[in-house]
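Student: target.cif is reproduced in full below (mmCIF, C-alpha atoms).
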data_entry
#
loop_
_atom_site.group_PDB
_atom_site.id
_atom_site.type_symbol
_atom_site.label_atom_id
_atom_site.label_comp_id
_atom_site.auth_asym_id
_atom_site.auth_seq_id
_atom_site.Cartn_x
_atom_site.Cartn_y
_atom_site.Cartn_z
ATOM 1 C CA MET A 1 -82.356 38.504 53.339
ATOM 2 C CA GLU A 2 -79.089 38.540 55.290
ATOM 3 C CA ILE A 3 -80.351 41.200 57.703
ATOM 4 C CA LEU A 4 -83.472 39.131 58.417
ATOM 5 C CA VAL A 5 -81.442 35.988 59.130
ATOM 6 C CA ALA A 6 -78.934 37.876 61.292
ATOM 7 C CA SER A 7 -81.779 39.475 63.239
ATOM 8 C CA ALA A 8 -83.438 36.093 63.775
ATOM 9 C CA ILE A 9 -80.154 34.648 65.064
ATOM 10 C CA GLY A 10 -79.724 37.605 67.414
ATOM 11 C CA VAL A 11 -83.273 37.393 68.769
ATOM 12 C CA LEU A 12 -83.043 33.631 69.318
ATOM 13 C CA THR A 13 -79.666 33.970 71.037
ATOM 14 C CA THR A 14 -80.892 36.786 73.269
ATOM 15 C CA GLY A 15 -84.024 34.888 74.231
ATOM 16 C CA GLY A 16 -82.030 31.712 74.865
ATOM 17 C CA VAL A 17 -79.515 33.428 77.138
ATOM 18 C CA TYR A 18 -82.323 35.182 79.030
ATOM 19 C CA LEU A 19 -84.153 31.905 79.604
ATOM 20 C CA ILE A 20 -81.002 30.037 80.634
ATOM 21 C CA LEU A 21 -80.468 32.544 83.443
ATOM 22 C CA ARG A 22 -83.867 31.731 85.038
ATOM 23 C CA LEU A 23 -84.022 29.715 88.260
ATOM 24 C CA ARG A 24 -86.508 27.117 87.073
ATOM 25 C CA ALA A 25 -85.783 23.998 85.049
ATOM 26 C CA PHE A 26 -88.346 24.388 82.263
ATOM 27 C CA PRO A 27 -87.225 27.874 81.101
ATOM 28 C CA VAL A 28 -83.615 26.657 81.111
ATOM 29 C CA ILE A 29 -84.558 23.803 78.775
ATOM 30 C CA LEU A 30 -86.436 26.220 76.504
ATOM 31 C CA GLY A 31 -83.411 28.535 76.506
ATOM 32 C CA LEU A 32 -81.120 25.725 75.439
ATOM 33 C CA SER A 33 -83.543 24.863 72.653
ATOM 34 C CA LEU A 34 -83.603 28.481 71.457
ATOM 35 C CA LEU A 35 -79.795 28.571 71.454
ATOM 36 C CA SER A 36 -79.646 25.365 69.430
ATOM 37 C CA TYR A 37 -82.104 26.857 66.910
ATOM 38 C CA ALA A 38 -79.908 29.961 66.652
ATOM 39 C CA VAL A 39 -76.827 27.828 66.002
ATOM 40 C CA ASN A 40 -78.715 25.788 63.389
ATOM 41 C CA ILE A 41 -79.799 28.919 61.526
ATOM 42 C CA PHE A 42 -76.237 30.225 61.703
ATOM 43 C CA LEU A 43 -74.891 26.980 60.245
ATOM 44 C CA VAL A 44 -77.418 27.042 57.404
ATOM 45 C CA SER A 45 -76.513 30.642 56.617
ATOM 46 C CA THR A 46 -72.821 29.746 56.296
ATOM 47 C CA GLY A 47 -73.663 27.688 53.202
ATOM 48 C CA ARG A 48 -74.722 30.834 51.282
ATOM 49 C CA LEU A 49 -78.173 32.310 51.284
ATOM 50 C CA ALA A 50 -79.339 31.726 47.731
ATOM 51 C CA ILE A 51 -83.000 31.734 46.801
ATOM 52 C CA ASN A 52 -84.220 29.079 44.326
ATOM 53 C CA ALA A 53 -80.712 27.686 43.880
ATOM 54 C CA PRO A 54 -80.022 23.950 43.796
ATOM 55 C CA PRO A 55 -77.758 22.515 46.508
ATOM 56 C CA ILE A 56 -75.391 21.120 43.858
ATOM 57 C CA LEU A 57 -73.019 22.511 41.244
ATOM 58 C CA GLN A 58 -74.602 22.936 37.855
ATOM 59 C CA LYS A 59 -73.153 21.331 34.779
ATOM 60 C CA TYR A 60 -71.889 24.401 32.903
ATOM 61 C CA GLY A 61 -70.173 26.356 35.680
ATOM 62 C CA ASP A 62 -72.973 28.555 37.002
ATOM 63 C CA ALA A 63 -71.701 29.865 40.344
ATOM 64 C CA THR A 64 -75.069 30.171 42.100
ATOM 65 C CA TYR A 65 -75.333 27.154 44.350
ATOM 66 C CA THR A 66 -75.883 26.418 47.991
ATOM 67 C CA ASP A 67 -73.274 24.423 49.893
ATOM 68 C CA PRO A 68 -74.841 21.106 51.024
ATOM 69 C CA LEU A 69 -72.374 20.478 53.885
ATOM 70 C CA PRO A 70 -73.938 22.982 56.343
ATOM 71 C CA GLN A 71 -77.353 21.536 55.525
ATOM 72 C CA ALA A 72 -76.121 18.069 56.466
ATOM 73 C CA LEU A 73 -74.549 19.432 59.657
ATOM 74 C CA VAL A 74 -77.792 21.139 60.631
ATOM 75 C CA LEU A 75 -79.782 17.964 60.014
ATOM 76 C CA THR A 76 -77.429 16.116 62.346
ATOM 77 C CA ALA A 77 -77.577 18.925 64.914
ATOM 78 C CA ILE A 78 -81.381 18.880 64.890
ATOM 79 C CA VAL A 79 -81.436 15.170 65.706
ATOM 80 C CA ILE A 80 -78.839 15.555 68.461
ATOM 81 C CA SER A 81 -80.568 18.566 70.018
ATOM 82 C CA PHE A 82 -83.909 16.727 69.989
ATOM 83 C CA GLY A 83 -82.339 13.804 71.828
ATOM 84 C CA MET A 84 -80.608 16.032 74.363
ATOM 85 C CA THR A 85 -83.813 17.990 74.960
ATOM 86 C CA ALA A 86 -85.612 14.718 75.677
ATOM 87 C CA VAL A 87 -82.881 13.722 78.145
ATOM 88 C CA LEU A 88 -83.032 17.103 79.895
ATOM 89 C CA VAL A 89 -86.818 16.947 80.136
ATOM 90 C CA MET A 90 -86.588 13.515 81.738
ATOM 91 C CA PHE A 91 -83.937 14.727 84.217
ATOM 92 C CA SER A 92 -86.004 17.747 85.172
ATOM 93 C CA LEU A 93 -89.175 15.655 85.420
ATOM 94 C CA GLY A 94 -87.399 13.228 87.753
ATOM 95 C CA ALA A 95 -86.101 16.105 89.875
ATOM 96 C CA TYR A 96 -89.581 17.643 89.982
ATOM 97 C CA LEU A 97 -91.209 14.386 91.049
ATOM 98 C CA GLU A 98 -88.587 13.841 93.750
ATOM 99 C CA ALA A 99 -88.457 17.380 95.158
ATOM 100 C CA GLY A 100 -91.966 18.597 94.329
ATOM 101 C CA ASP A 101 -90.656 21.787 92.701
ATOM 102 C CA ASP A 102 -88.557 22.617 89.642
ATOM 103 C CA THR A 103 -86.727 25.557 91.205
ATOM 104 C CA ILE A 104 -82.961 25.488 90.890
ATOM 105 C CA ASP A 105 -81.800 26.278 94.441
ATOM 106 C CA MET A 106 -78.155 27.303 94.689
ATOM 107 C CA LYS A 107 -78.216 29.100 98.062
ATOM 108 C CA ASP A 108 -76.502 26.283 99.948
ATOM 109 C CA ALA A 109 -73.599 25.817 97.566
ATOM 110 C CA GLY A 110 -70.288 26.971 98.982
ATOM 111 C CA THR A 111 -71.264 27.599 102.615
ATOM 112 C CA GLU A 112 -68.690 27.038 105.319
ATOM 113 C CA ASP A 113 -70.984 24.721 107.283
ATOM 114 C CA ASP A 114 -70.688 22.055 104.590
ATOM 115 C CA ALA A 115 -66.871 22.149 104.644
ATOM 116 C CA VAL A 116 -66.596 21.245 108.358
#
Would you mind writing the structure in this file as structure tokens?

Tutor:
Amino acid sequence: MEILVASAIGVLTTGGVYLILRLRAFPVILGLSLLSYAVNIFLVSTGRLAINAPPILQKYGDATYTDPLPQALVLTAIVISFGMTAVLVMFSLGAYLEAGDDTIDMKDAGTEDDAV
């Protein structure tokens, strides 16, 4: 189970970094979403990966439980990442409607002609 979760985190992180390095707005937004999913899975896995275990301590000291704090953190992170994704989509949509293209053009940044 741990190898599967670690592999999923690695694949999501790799895909997210690859998409963030693209020069178009939509793949960058998808890459950020993949990275947030990877972080959410990582946070859930920090609470112990127990199958069919309740998220609370049992009455007579059974040590198989899942920590509920990472689950609460992930729930909060999901809501925040959804809101930020909506904001980024609106920014990129506004830039697309204004410029007619969603390409991220960084050729002109740092030229000497702009400094004069």

Student: Please evaluate the PyMOL selection byres ((chain A and resi 19) around 10) against the structure above and give the resulting residues as a list in words.

Tutor: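 Checked against the file, the PyMOL selection byres ((chain A and resi 19) around 10) matches Thr13, Thr14, Gly15, Gly16, Val17, Tyr18, Ile20, Leu21, Arg22, Leu23, Arg24, Ala25, Phe26, Pro27, Val28, Ile29, Leu30, Gly31, Leu32, Ser33, Leu34 and Leu35 of chain A.
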
Student: Atom CA of Tyr37 of chain A to atom CA of Leu69 of chain A: how many Å, to one decimal?

Tutor: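 Rounded to one decimal, the two atoms are 17.5 Å apart.
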
Student: Once the PyMOL selection byres ((chain A and resi 77) around 12) has been evaluated on this model, what residues remain selected, and can you format them as an MDAnalysis selection string?

Tutor: chainID A and resid 33 35:44 70:76 78:85

Student: How many Å separate atom CA of Leu88 of chain A from atom CA of Val5 of chain A?

Tutor: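 Going from atom CA of Leu88 of chain A over to atom CA of Val5 of chain A covers 28.1 Å.
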
Student: Provide the atom CA of Leu4 of chain A to atom CA of Asp67 of chain A distance in Å, to one decimal place.

Tutor: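 Atom-to-atom, atom CA of Leu4 of chain A and atom CA of Asp67 of chain A are spaced 19.8 Å apart.
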